[in-house]
Every structure is written in structure tokens, then in C-alpha cells.
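Undergrad: My structure is stored as protein_34.cif, with mmCIF, C-alpha atoms and all ligand atoms.
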```
data_upload
loop_
_atom_site.label_atom_id
_atom_site.label_comp_id
_atom_site.auth_asym_id
_atom_site.auth_seq_id
_atom_site.Cartn_x
_atom_site.Cartn_y
_atom_site.Cartn_z
CA MET A 1 0.00 0.00 0.00
CA THR A 2 1.32 3.41 -0.91
CA GLU A 3 0.68 6.53 1.13
CA LEU A 4 -1.80 7.68 -1.54
CA ASP A 5 -3.76 4.39 -1.19
CA LEU A 6 -3.90 4.94 2.55
CA LEU A 7 -5.01 8.56 2.22
CA LEU A 8 -7.73 7.49 -0.19
CA ASP A 9 -8.89 4.81 2.24
CA LEU A 10 -8.92 7.24 5.18
CA HIS A 11 -10.90 9.86 3.27
CA LEU A 12 -13.29 7.74 1.20
CA ASP A 13 -15.96 7.54 3.90
CA GLY A 14 -15.97 11.29 4.50
CA ASP A 15 -18.60 13.66 3.13
CA ARG A 16 -15.84 16.21 2.65
CA GLN A 17 -12.10 15.81 2.04
CA GLY A 18 -11.29 19.34 3.13
CA PRO A 19 -12.74 22.21 5.19
CA GLY A 20 -16.15 23.40 4.01
CA THR A 21 -19.82 22.83 4.69
CA GLN A 22 -23.09 22.86 2.80
CA LYS A 23 -23.66 26.34 4.25
CA ASP A 24 -20.36 27.57 2.77
CA THR A 25 -21.26 26.20 -0.66
CA LEU A 26 -24.67 27.91 -0.44
CA ARG A 27 -23.10 31.22 0.62
CA ALA A 28 -20.69 31.10 -2.33
CA LEU A 29 -23.57 30.20 -4.62
CA TYR A 30 -25.54 33.21 -3.39
CA LEU A 31 -22.56 35.50 -4.08
CA SER A 32 -22.19 34.01 -7.57
CA ALA A 33 -25.90 34.61 -8.42
CA LEU A 34 -25.82 31.37 -10.44
CA ASP A 35 -29.12 30.38 -8.82
CA GLU A 36 -30.84 33.10 -10.85
CA ARG A 37 -29.87 31.41 -14.13
CA SER A 38 -30.92 28.25 -15.96
CA ASP A 39 -29.50 25.55 -18.21
CA LEU A 40 -26.01 25.91 -16.75
CA TYR A 41 -22.95 23.81 -17.56
CA ILE A 42 -20.59 23.57 -14.58
CA ALA A 43 -17.39 21.73 -13.65
CA ASP A 44 -16.57 20.86 -10.02
CA ILE A 45 -12.83 20.27 -10.10
CA GLY A 46 -11.13 18.21 -7.39
CA CYS A 47 -14.62 17.24 -6.25
CA GLY A 48 -13.61 14.38 -3.93
CA THR A 49 -16.72 12.48 -2.88
CA GLY A 50 -18.78 15.44 -4.07
CA GLY A 51 -19.82 17.35 -0.93
CA SER A 52 -20.15 20.52 -3.00
CA THR A 53 -21.25 18.80 -6.23
CA LEU A 54 -24.41 17.47 -4.59
CA VAL A 55 -25.32 20.92 -3.22
CA LEU A 56 -24.88 22.48 -6.66
CA ALA A 57 -26.97 19.72 -8.27
CA GLU A 58 -29.75 20.20 -5.73
CA GLU A 59 -29.81 23.99 -6.00
CA LEU A 60 -29.23 24.70 -9.68
CA ASP A 61 -30.76 24.07 -13.07
CA ALA A 62 -27.47 22.66 -14.29
CA LYS A 63 -25.52 19.80 -15.70
CA ILE A 64 -22.41 19.31 -13.54
CA VAL A 65 -19.29 17.42 -14.52
CA ALA A 66 -17.49 16.39 -11.33
CA VAL A 67 -13.76 15.89 -11.86
CA ASP A 68 -11.24 14.14 -9.64
CA PHE A 69 -8.17 12.02 -10.33
CA LEU A 70 -9.20 9.34 -7.83
CA GLN A 71 -11.90 7.08 -9.30
CA PRO A 72 -13.09 5.63 -5.93
CA PHE A 73 -14.17 9.14 -4.83
CA LEU A 74 -16.15 9.49 -8.06
CA ASP A 75 -17.77 6.07 -7.55
CA LYS A 76 -18.96 7.18 -4.12
CA LEU A 77 -20.30 10.44 -5.57
CA HIS A 78 -22.13 8.51 -8.28
CA GLU A 79 -23.77 6.29 -5.61
CA ASP A 80 -24.80 9.27 -3.48
CA ALA A 81 -26.15 11.16 -6.50
CA ALA A 82 -28.25 8.10 -7.38
CA LYS A 83 -29.64 7.93 -3.82
CA LYS A 84 -30.72 11.57 -4.12
CA GLY A 85 -32.18 11.14 -7.62
CA LEU A 86 -29.56 13.49 -9.13
CA THR A 87 -27.82 11.24 -11.67
CA ASP A 88 -29.28 13.13 -14.64
CA LYS A 89 -27.59 16.31 -13.37
CA VAL A 90 -24.19 14.88 -12.30
CA GLU A 91 -21.62 13.27 -14.53
CA THR A 92 -18.22 12.15 -13.20
CA LEU A 93 -14.88 12.33 -14.96
CA CYS A 94 -11.59 10.84 -13.81
CA ALA A 95 -8.92 13.31 -14.97
CA SER A 96 -6.09 15.38 -13.61
CA MET A 97 -6.75 19.08 -13.22
CA ASP A 98 -3.50 19.87 -15.02
CA ALA A 99 -4.71 18.06 -18.17
CA LEU A 100 -8.43 18.77 -18.42
CA PRO A 101 -10.04 17.41 -21.60
CA PHE A 102 -12.54 20.26 -22.09
CA GLU A 103 -13.16 22.70 -24.92
CA GLU A 104 -12.30 26.36 -24.42
CA ASN A 105 -15.16 28.73 -23.41
CA CYS A 106 -17.49 25.87 -22.49
CA PHE A 107 -18.47 26.34 -18.83
CA ASP A 108 -20.83 28.84 -17.20
CA ALA A 109 -19.01 28.14 -13.95
CA ILE A 110 -16.09 26.26 -12.46
CA TRP A 111 -16.36 25.27 -8.81
CA SER A 112 -13.36 24.07 -6.80
CA GLU A 113 -13.45 23.70 -3.01
CA GLY A 114 -10.17 22.98 -1.22
CA ALA A 115 -8.52 21.65 -4.36
CA ILE A 116 -7.01 24.47 -6.48
CA TYR A 117 -3.93 24.26 -4.20
CA ASN A 118 -2.91 21.14 -6.13
CA LEU A 119 -1.95 23.48 -8.98
CA GLY A 120 -1.18 26.48 -6.78
CA PHE A 121 -3.66 29.37 -6.74
CA ASP A 122 -2.11 31.51 -9.47
CA THR A 123 -1.47 28.55 -11.81
CA GLY A 124 -4.97 27.30 -11.04
CA LEU A 125 -6.53 30.61 -12.12
CA LYS A 126 -4.51 30.51 -15.35
CA THR A 127 -5.39 26.84 -15.96
CA PHE A 128 -9.14 27.11 -15.38
CA ARG A 129 -9.83 30.49 -17.04
CA PRO A 130 -9.75 29.34 -20.71
CA PHE A 131 -12.50 26.79 -20.05
CA LEU A 132 -14.93 29.48 -18.89
CA LYS A 133 -17.31 31.31 -21.17
CA PRO A 134 -16.88 35.12 -21.16
CA GLY A 135 -18.45 36.30 -17.90
CA GLY A 136 -18.19 32.79 -16.46
CA ILE A 137 -17.90 32.25 -12.71
CA LEU A 138 -14.95 30.71 -10.87
CA ALA A 139 -15.61 29.85 -7.21
CA ALA A 140 -12.62 28.46 -5.34
CA SER A 141 -11.71 28.06 -1.68
CA GLU A 142 -8.07 28.43 -0.83
CA LEU A 143 -5.77 28.43 2.21
CA THR A 144 -5.37 32.08 3.23
CA TRP A 145 -3.61 34.09 5.94
CA LEU A 146 -6.17 36.05 7.95
CA THR A 147 -3.73 38.65 9.28
CA ASP A 148 -0.70 40.55 8.06
CA ALA A 149 1.61 38.97 10.69
CA ARG A 150 1.55 35.59 12.45
CA PRO A 151 3.49 33.32 14.82
CA ALA A 152 6.76 31.97 13.37
CA GLU A 153 5.87 28.28 13.90
CA LEU A 154 2.73 28.62 11.81
CA ASP A 155 4.41 30.73 9.14
CA THR A 156 7.24 28.22 8.74
CA HIS A 157 4.92 25.19 8.60
CA TRP A 158 2.63 26.49 5.87
CA ASN A 159 5.37 28.13 3.82
CA GLN A 160 7.08 24.72 3.72
CA HIS A 161 3.91 22.78 2.90
CA TYR A 162 2.19 25.35 0.68
CA PRO A 163 4.42 28.19 -0.51
CA ASP A 164 1.47 29.82 -2.36
CA ILE A 165 -0.19 30.70 0.95
CA ALA A 166 -0.89 34.46 1.13
CA THR A 167 -3.31 37.04 2.54
CA ALA A 168 -6.65 37.71 0.84
CA GLY A 169 -5.26 41.04 -0.38
CA GLU A 170 -2.50 39.24 -2.28
CA LYS A 171 -4.88 36.58 -3.62
CA ILE A 172 -7.31 39.24 -4.84
CA LEU A 173 -4.49 40.96 -6.72
CA GLN A 174 -3.71 37.61 -8.42
CA ILE A 175 -7.40 37.28 -9.31
CA GLU A 176 -7.44 40.73 -10.93
CA ARG A 177 -4.12 40.19 -12.72
CA ASN A 178 -5.42 36.95 -14.23
CA GLY A 179 -8.47 38.48 -15.88
CA PHE A 180 -11.15 38.09 -13.24
CA THR A 181 -13.30 40.48 -11.19
CA LEU A 182 -13.91 39.58 -7.55
CA LEU A 183 -17.65 39.24 -6.84
CA GLY A 184 -17.35 38.10 -3.24
CA TYR A 185 -15.05 36.79 -0.54
CA PHE A 186 -15.63 35.23 2.83
CA VAL A 187 -13.62 33.31 5.40
CA LEU A 188 -14.61 29.79 6.41
CA PRO A 189 -15.29 29.75 10.18
CA PRO A 190 -13.62 27.18 12.49
CA SER A 191 -16.85 25.11 12.47
CA SER A 192 -16.26 24.48 8.74
CA TRP A 193 -12.96 22.80 9.65
CA PHE A 194 -14.20 20.84 12.65
CA ASP A 195 -17.82 19.80 12.00
CA THR A 196 -17.60 18.28 8.53
CA TYR A 197 -13.88 17.59 8.19
CA TYR A 198 -11.56 17.20 11.19
CA ARG A 199 -13.92 15.63 13.78
CA PRO A 200 -15.41 13.02 11.38
CA LEU A 201 -11.86 12.28 10.16
CA GLN A 202 -10.65 11.68 13.72
CA ALA A 203 -13.64 9.40 14.36
CA ARG A 204 -12.46 7.19 11.46
CA TYR A 205 -8.86 6.69 12.73
CA LYS A 206 -9.56 3.55 14.78
CA ALA A 207 -11.26 1.57 12.01
CA PHE A 208 -8.61 2.82 9.57
CA LEU A 209 -5.73 1.62 11.76
CA ASP A 210 -7.48 -1.73 12.33
CA ARG A 211 -7.98 -2.21 8.57
CA HIS A 212 -4.25 -1.70 8.06
CA ASP A 213 -3.02 -3.76 11.04
CA HIS A 214 -1.60 -0.61 12.64
CA SER A 215 1.19 -0.51 10.06
CA ASP A 216 3.90 2.11 10.49
CA LEU A 217 2.74 3.90 7.36
CA ALA A 218 -0.90 3.96 8.52
CA LYS A 219 0.19 5.31 11.92
CA ALA A 220 2.31 7.96 10.18
CA VAL A 221 -0.69 9.06 8.10
CA VAL A 222 -2.78 9.47 11.26
CA GLN A 223 0.03 11.37 13.00
CA GLU A 224 0.42 13.75 10.07
CA ASN A 225 -3.28 14.56 10.23
CA GLU A 226 -3.14 14.99 14.00
CA ASP A 227 -0.21 17.40 13.70
CA GLU A 228 -2.12 19.49 11.15
CA ILE A 229 -5.23 19.51 13.36
CA ALA A 230 -3.23 20.56 16.44
CA LEU A 231 -1.66 23.38 14.46
CA TYR A 232 -5.05 24.60 13.24
CA GLU A 233 -6.51 24.37 16.75
CA ALA A 234 -3.67 26.51 18.12
CA TYR A 235 -3.64 29.10 15.34
CA GLN A 236 -7.17 29.35 13.94
CA ASP A 237 -7.16 33.15 14.33
CA TYR A 238 -4.40 33.43 11.73
CA VAL A 239 -5.27 30.97 8.99
CA SER A 240 -8.33 29.54 7.27
CA TYR A 241 -9.76 28.85 3.87
CA GLY A 242 -10.97 31.93 2.03
CA PHE A 243 -13.75 31.43 -0.48
CA TYR A 244 -13.20 33.57 -3.60
CA ILE A 245 -16.08 34.06 -6.01
CA MET A 246 -15.03 35.72 -9.25
CA LYS A 247 -16.16 36.45 -12.78
CA LYS A 248 -14.10 36.10 -15.94
CA THR A 249 -13.53 39.46 -17.63
CA GLY A 250 -12.81 39.82 -21.33
CA ALA A 251 -12.99 37.02 -23.88
N1 LIG A 301 -13.72 19.39 -3.12
C1 LIG A 301 -13.71 18.30 -2.15
C2 LIG A 301 -12.34 17.62 -2.03
C3 LIG A 301 -11.21 18.48 -1.55
S1 LIG A 301 -9.71 17.55 -1.26
C4 LIG A 301 -14.18 18.80 -0.81
O1 LIG A 301 -14.20 20.02 -0.60
O2 LIG A 301 -14.53 17.98 0.03
C5 LIG A 301 -8.81 17.75 -2.77
C6 LIG A 301 -9.29 16.84 -3.89
O3 LIG A 301 -8.48 17.09 -5.03
C7 LIG A 301 -9.15 15.35 -3.60
O4 LIG A 301 -10.37 14.71 -3.86
C8 LIG A 301 -8.05 14.87 -4.56
O5 LIG A 301 -8.25 13.55 -5.02
C9 LIG A 301 -8.20 15.87 -5.68
N2 LIG A 301 -6.98 16.07 -6.47
C10 LIG A 301 -5.71 16.23 -6.03
N3 LIG A 301 -4.87 16.42 -7.06
C11 LIG A 301 -5.63 16.36 -8.20
C12 LIG A 301 -5.34 16.49 -9.58
N4 LIG A 301 -4.10 16.72 -10.02
N5 LIG A 301 -6.37 16.39 -10.45
C13 LIG A 301 -7.64 16.17 -10.03
N6 LIG A 301 -7.97 16.05 -8.72
C14 LIG A 301 -6.98 16.14 -7.81
#
```
As C-alpha cells, what does this structure read like?
TA:
Amino acid sequence: MTELDLLLDLHLDGDRQGPGTQKDTLRALYLSALDERSDLYIADIGCGTGGSTLVLAEELDAKIVAVDFLQPFLDKLHEDAAKKGLTDKVETLCASMDALPFEENCFDAIWSEGAIYNLGFDTGLKTFRPFLKPGGILAASELTWLTDARPAELDTHWNQHYPDIATAGEKILQIERNGFTLLGYFVLPPSSWFDTYYRPLQARYKAFLDRHDHSDLAKAVVQENEDEIALYEAYQDYVSYGFYIMKKTGA
């Protein structure tokens, strides 16, 4: 078993694979005004098991293509969409976000919660923009500093793990420099980290370790998650996900 297999196994039973709740998705949707439109074509990129995809499918008159590079997540999404009677609105596609097989100018919106970091925010904006129609919406949540200064331990950790981390002011400048207008921004509250992500994840550790005979690698995966959770618990005033809702300008 590789570390990726183990991560997949640990996260497969979760409703979310990153911070974010149904309420956050609805708030971003409200800021996007997509709910006032019909016959939409939308991509949810890095969808995981589809926590956000299912909200979009329930709320919008839209066809949604949910993209992830891990097929088991997509299988779970397909099952859950079927249970909710949403299969005619949700299609899944196993692809990497750095090699998306779409036509240019095809989407009314691209949604991406807790996933654009896999490209880096700036590269992600550049990668996704061509697939949007003129005036199309990009809604992405992204790790963001909440203050101008912060404790050294936190600063060092995230700069090592995610060098693209920055304040909202810096992210918004990237948004504007990449041909988008910001329509809305909000910060995910601590409950969006704990209620749907960290606490359910911690509740799965025991069964996960049992499934893998408490192997060293499985224990290391749990420890890595615990370290990240402890860091967030200590420093939640300084860091969160910011949700950026933007509109493509120009052609
Ligand atoms: N949007 C979901 C999942 C966030 S976790 C949620 O909010 O719950 C990040 C997701 O990105 C994971 O499902 C992971 O499999 C996916 N991912 C990581 N790298 C990727 C890549 N290169 N292409 C497509 N998906 C990727």
C-alpha cells in the first residue's frame, strides 16, 4: 500500500475531504448569483466524494461534470447522487486538473473547493480560465492568511507545505491580474474545519488503523493529520480557507 492508497482509504468515507460545509457552498452560490440562471454547464474540479457537487446539483438548473483524479471518490459520488435522484444532473470524470479534456469557453461556472492548491492558486486561475465562457464564474476556496503577521511556527509550517499561501489582499491581486473580477469573498469559520472535516476524520482513525493492522505507514498518516489539526486548533485566528467568487472578464 502506498501513502496515496492509505489517504484514499482514510478519506473515502468522509462527506468532505477538506474544510467546508453545505452552508459555505450555499453562501458562495448566493454570491455568484448562479441560482438566478438556468440551463447551466458547470465543472466541479477536485470534487472528492462530491460534498459541494451534490449541493450544486440540488440547487441549480445545471448539468455538472465532477472531476477528480481518484476514481473511488467518483464512484462514491455517483452512488450518493443516485440515492438523491440526481444522476441526470451529475456526470463524473476521472482526470487530472492539469490536463483537463474540455473545450475552451465551455463552462458557465467552475467550482473548486479545497482543491485548487494542487496546482497552486495563481497557476490554477490561469489553468481554469480558458475553459470558462466570457463572464463565467470561478468559485474556489483556498488556504489564506487572515492577518498581516503571524506566529513563526505557523508561518514556517505552511510556507514549507504550501508556498502559495498568502493574505486575501495578495490573492485578490492575483485574481485581478489573471483576468477576473472579484464578486465576493468570505472566510470559512472554524466550524467548517471541525464539523464536517476534522472531527469526522478523527472518528475514522480507529477503524482505519485496524484495517491496516496498525502498520507504520498507517500510523504515520494518522500522526500527520493529528499534527495538522493541532496546528489549526492553536492558530485558527491566523489561517483559514478563504472562499473567492469571481467572474471572468474579457474574452
Ligand atoms: N472538493 C472536495 C475535495 C477536496 S480535497 C471537498 O471540498 O470535500 C482535494 C481533492 O483534489 C481530492 O479529492 C483529490 O483527489 C483531488 N486532487 C488532487 N490532485 C488532483 C489532480 N491533479 N487532479 C484532479 N484532482 C486532484
Undergrad: Can you pull out the residues contacting Val90 in chain A? Cut-off 8 Å, using all atoms listed in the file, and skip same-chain residues under 4 positions away; I want them as a ChimeraX atom specification.
TA: /A:53,57,63-66,78,81,86
Undergrad: CA of Ala218 in chain A and CA of Ala152 in chain A, how far apart in Å?
TA: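 These atoms are spaced 29.4 Å apart.
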Undergrad: For the atom pair CA of Phe102 in chain A and CA of Ala62 in chain A, what is the interatomic distance in Å to one decimal place?
TA: 17.0 Å
Undergrad: For Trp145 in chain A, work out the shell of residues within 10 Å, counting only C-alpha atoms and skipping chain neighbours fewer than 3 positions away, then give it as a PyMOL selection string.
TA: chain A and resi 142+148-150+155+158+165-171+236-242
Undergrad: What are the closest atom pairs, with distances in Å to one decimal, for each residue of chain A lying within 10 Å of ligand LIG 301 (chain A), using only C-alpha atoms and all ligand atoms, rows by chain and rising residue number, as a Markdown table?
TA:
```
| residue | atom | partner | partner_atom | distance |
| --- | --- | --- | --- | --- |
| A:Leu4 | CA | A:LIG301 | O5 | 9.4 |
| A:Leu7 | CA | A:LIG301 | O5 | 9.4 |
| A:Leu8 | CA | A:LIG301 | O5 | 7.8 |
| A:His11 | CA | A:LIG301 | O4 | 8.6 |
| A:Leu12 | CA | A:LIG301 | O4 | 9.1 |
| A:Gly14 | CA | A:LIG301 | O2 | 8.2 |
| A:Asp15 | CA | A:LIG301 | O2 | 6.7 |
| A:Arg16 | CA | A:LIG301 | O2 | 3.4 |
| A:Gln17 | CA | A:LIG301 | O2 | 3.8 |
| A:Gly18 | CA | A:LIG301 | O2 | 4.7 |
| A:Pro19 | CA | A:LIG301 | O1 | 6.4 |
| A:Gly20 | CA | A:LIG301 | O1 | 6.0 |
| A:Thr21 | CA | A:LIG301 | O1 | 8.2 |
| A:Gln22 | CA | A:LIG301 | O1 | 9.9 |
| A:Thr25 | CA | A:LIG301 | O1 | 9.4 |
| A:Asp44 | CA | A:LIG301 | N1 | 7.6 |
| A:Ile45 | CA | A:LIG301 | N6 | 6.6 |
| A:Gly46 | CA | A:LIG301 | O3 | 3.7 |
| A:Cys47 | CA | A:LIG301 | N1 | 3.9 |
| A:Gly48 | CA | A:LIG301 | O4 | 3.3 |
| A:Thr49 | CA | A:LIG301 | C1 | 6.6 |
| A:Gly50 | CA | A:LIG301 | C1 | 6.1 |
| A:Gly51 | CA | A:LIG301 | O2 | 5.4 |
| A:Ser52 | CA | A:LIG301 | O1 | 6.4 |
| A:Thr53 | CA | A:LIG301 | N1 | 8.2 |
| A:Ala66 | CA | A:LIG301 | N1 | 9.5 |
| A:Val67 | CA | A:LIG301 | C13 | 6.4 |
| A:Asp68 | CA | A:LIG301 | N6 | 3.9 |
| A:Phe69 | CA | A:LIG301 | C13 | 4.2 |
| A:Leu70 | CA | A:LIG301 | O5 | 5.2 |
| A:Gln71 | CA | A:LIG301 | O5 | 8.6 |
| A:Pro72 | CA | A:LIG301 | O5 | 9.3 |
| A:Phe73 | CA | A:LIG301 | O4 | 6.8 |
| A:Leu74 | CA | A:LIG301 | O4 | 8.8 |
| A:Leu93 | CA | A:LIG301 | C13 | 9.6 |
| A:Cys94 | CA | A:LIG301 | C13 | 7.6 |
| A:Ala95 | CA | A:LIG301 | C13 | 5.8 |
| A:Ser96 | CA | A:LIG301 | N5 | 3.3 |
| A:Met97 | CA | A:LIG301 | N5 | 3.9 |
| A:Asp98 | CA | A:LIG301 | N4 | 5.9 |
| A:Ala99 | CA | A:LIG301 | N5 | 8.1 |
| A:Leu100 | CA | A:LIG301 | N5 | 8.6 |
| A:Trp111 | CA | A:LIG301 | N1 | 8.6 |
| A:Ser112 | CA | A:LIG301 | N1 | 6.0 |
| A:Glu113 | CA | A:LIG301 | N1 | 4.3 |
| A:Gly114 | CA | A:LIG301 | C3 | 4.6 |
| A:Ala115 | CA | A:LIG301 | C5 | 4.2 |
| A:Ile116 | CA | A:LIG301 | O3 | 7.7 |
| A:Tyr117 | CA | A:LIG301 | C5 | 8.3 |
| A:Asn118 | CA | A:LIG301 | N3 | 5.2 |
| A:Leu119 | CA | A:LIG301 | N4 | 7.2 |
| A:Ala140 | CA | A:LIG301 | N1 | 9.4 |
| A:Ser141 | CA | A:LIG301 | O1 | 8.5 |
| A:Thr196 | CA | A:LIG301 | O2 | 9.0 |
| A:Tyr197 | CA | A:LIG301 | O2 | 8.2 |
```
Undergrad: Quick one: residues within 8 Å of (-30.4, 23.5, -11.0) (file frame), counting all atoms listed in the file, please, as a list in words.
TA: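 Neighbouring residues, ordered by chain and number, come to Asp35, Ser38, Asp39, Leu40, Leu56, Ala57, Glu58, Glu59, Leu60, Asp61, Ala62 and Lys63 of chain A.
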Undergrad: Considering all atoms listed in the file, can you say which of A:Lys247, A:His212, A:His157, A:Lys84 comes closest to Leu138 in chain A?
TA: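 Among A:Lys247, A:His212, A:His157, A:Lys84, it is A:Lys247 that comes nearest to Leu138 in chain A.
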Undergrad: Tell me, as a ChimeraX atom specification, which residues lie within 12 Å of Ile175 in chain A, counting all atoms listed in the file; anything in the same chain fewer than 2 positions away does not count.
TA: /A:121-126,128-129,138-140,168-173,177-185,244-249
Undergrad: Would you work out the distance separating CA of Leu154 in chain A from CA of Leu10 in chain A, expressed in Å to one decimal?
TA: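 Straight-line distance from CA of Leu154 in chain A to CA of Leu10 in chain A works out to 25.2 Å.
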Undergrad: Choose the residue, out of A:Thr144, A:Thr127, A:Gln223, A:Gln174, that has the smallest atom-to-atom separation from Tyr162 in chain A; count only C-alpha atoms.
TA: A:Thr144
Undergrad: Which is closest to Pro190 in chain A among A:Pro101, A:Tyr205, A:Asp24, A:Thr92, if we use only C-alpha atoms?
TA: A:Asp24
Undergrad: Draw an axis-aligned box tight on the listed atoms of range 187-206 of chain A, then pad every side by 5 Å and write out centre and edge lengths in Å to one decimal as AutoDock Vina command-line options.
TA:
```
--center_x -13.3 --center_y 18.4 --center_z 10.1 --size_x 19.0 --size_y 39.8 --size_z 19.4
```
Undergrad: Quick one: of A:Ala33, A:Tyr198, A:Glu226, A:Lys83, who's nearest to Leu54 in chain A, counting all atoms listed in the file?
TA: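 Closest to Leu54 in chain A of all the choices is A:Lys83.
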Undergrad: Pick out the closest residue to Ala28 in chain A from this set: A:Ile229, A:Val187, A:Leu146, A:Ala234. Count all atoms listed in the file.
TA: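 Smallest separation from Ala28 in chain A among the options: A:Val187.
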Undergrad: Using all atoms listed in the file, give me every residue within 12 Å of (3.2, 11.3, 0.4) in file coordinates, as a list in words.
TA: Met1, Thr2, Glu3, Leu4, Asp5, Leu6, Leu7, Leu8, His161, Leu217, Ala218, Ala220, Val221 and Glu224 of chain A
Undergrad: For Leu201 in chain A, which of A:Leu188, A:Val222, A:Ala43, A:Leu29 is the closest residue, counting all atoms listed in the file?
TA: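 Among the listed residues, the smallest separation from Leu201 in chain A belongs to A:Val222.
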Undergrad: What would range 166-180 of chain A look like with N, CA, C and O atoms restored, written as an mmCIF file, keeping the file's coordinate frame?
TA:
```cif
data_model
loop_
_atom_site.group_PDB
_atom_site.id
_atom_site.type_symbol
_atom_site.label_atom_id
_atom_site.label_comp_id
_atom_site.auth_asym_id
_atom_site.auth_seq_id
_atom_site.Cartn_x
_atom_site.Cartn_y
_atom_site.Cartn_z
ATOM 1 N N ALA A 166 -1.021 32.998 1.120
ATOM 2 C CA ALA A 166 -0.890 34.460 1.130
ATOM 3 C C ALA A 166 -2.136 35.046 1.794
ATOM 4 O O ALA A 166 -3.082 34.310 2.098
ATOM 5 N N THR A 167 -2.114 36.367 1.994
ATOM 6 C CA THR A 167 -3.310 37.040 2.540
ATOM 7 C C THR A 167 -4.350 37.185 1.422
ATOM 8 O O THR A 167 -4.037 37.081 0.227
ATOM 9 N N ALA A 168 -5.588 37.493 1.832
ATOM 10 C CA ALA A 168 -6.650 37.710 0.840
ATOM 11 C C ALA A 168 -6.285 38.858 -0.094
ATOM 12 O O ALA A 168 -6.544 38.790 -1.304
ATOM 13 N N GLY A 169 -5.646 39.901 0.456
ATOM 14 C CA GLY A 169 -5.260 41.040 -0.380
ATOM 15 C C GLY A 169 -4.365 40.601 -1.539
ATOM 16 O O GLY A 169 -4.563 41.008 -2.692
ATOM 17 N N GLU A 170 -3.407 39.733 -1.225
ATOM 18 C CA GLU A 170 -2.500 39.240 -2.280
ATOM 19 C C GLU A 170 -3.225 38.322 -3.267
ATOM 20 O O GLU A 170 -2.993 38.380 -4.471
ATOM 21 N N LYS A 171 -4.114 37.495 -2.742
ATOM 22 C CA LYS A 171 -4.880 36.580 -3.620
ATOM 23 C C LYS A 171 -5.779 37.378 -4.560
ATOM 24 O O LYS A 171 -5.939 37.028 -5.731
ATOM 25 N N ILE A 172 -6.383 38.446 -4.023
ATOM 26 C CA ILE A 172 -7.310 39.240 -4.840
ATOM 27 C C ILE A 172 -6.546 39.944 -5.968
ATOM 28 O O ILE A 172 -7.029 40.046 -7.100
ATOM 29 N N LEU A 173 -5.322 40.369 -5.669
ATOM 30 C CA LEU A 173 -4.490 40.960 -6.720
ATOM 31 C C LEU A 173 -4.207 39.921 -7.824
ATOM 32 O O LEU A 173 -4.264 40.235 -9.021
ATOM 33 N N GLN A 174 -3.932 38.680 -7.435
ATOM 34 C CA GLN A 174 -3.710 37.610 -8.420
ATOM 35 C C GLN A 174 -4.974 37.404 -9.268
ATOM 36 O O GLN A 174 -4.901 37.223 -10.486
ATOM 37 N N ILE A 175 -6.116 37.442 -8.606
ATOM 38 C CA ILE A 175 -7.400 37.280 -9.310
ATOM 39 C C ILE A 175 -7.538 38.351 -10.380
ATOM 40 O O ILE A 175 -7.838 38.068 -11.540
ATOM 41 N N GLU A 176 -7.282 39.609 -9.988
ATOM 42 C CA GLU A 176 -7.440 40.730 -10.930
ATOM 43 C C GLU A 176 -6.390 40.673 -12.044
ATOM 44 O O GLU A 176 -6.687 40.987 -13.196
ATOM 45 N N ARG A 177 -5.186 40.252 -11.702
ATOM 46 C CA ARG A 177 -4.120 40.190 -12.720
ATOM 47 C C ARG A 177 -4.336 39.067 -13.712
ATOM 48 O O ARG A 177 -3.752 39.062 -14.793
ATOM 49 N N ASN A 178 -5.166 38.075 -13.333
ATOM 50 C CA ASN A 178 -5.420 36.950 -14.230
ATOM 51 C C ASN A 178 -6.731 37.077 -15.003
ATOM 52 O O ASN A 178 -7.226 36.097 -15.554
ATOM 53 N N GLY A 179 -7.283 38.291 -15.053
ATOM 54 C CA GLY A 179 -8.470 38.480 -15.880
ATOM 55 C C GLY A 179 -9.778 38.056 -15.236
ATOM 56 O O GLY A 179 -10.669 37.511 -15.897
ATOM 57 N N PHE A 180 -9.884 38.328 -13.945
ATOM 58 C CA PHE A 180 -11.150 38.090 -13.240
ATOM 59 C C PHE A 180 -11.507 39.332 -12.426
ATOM 60 O O PHE A 180 -10.632 40.111 -12.038
#
```
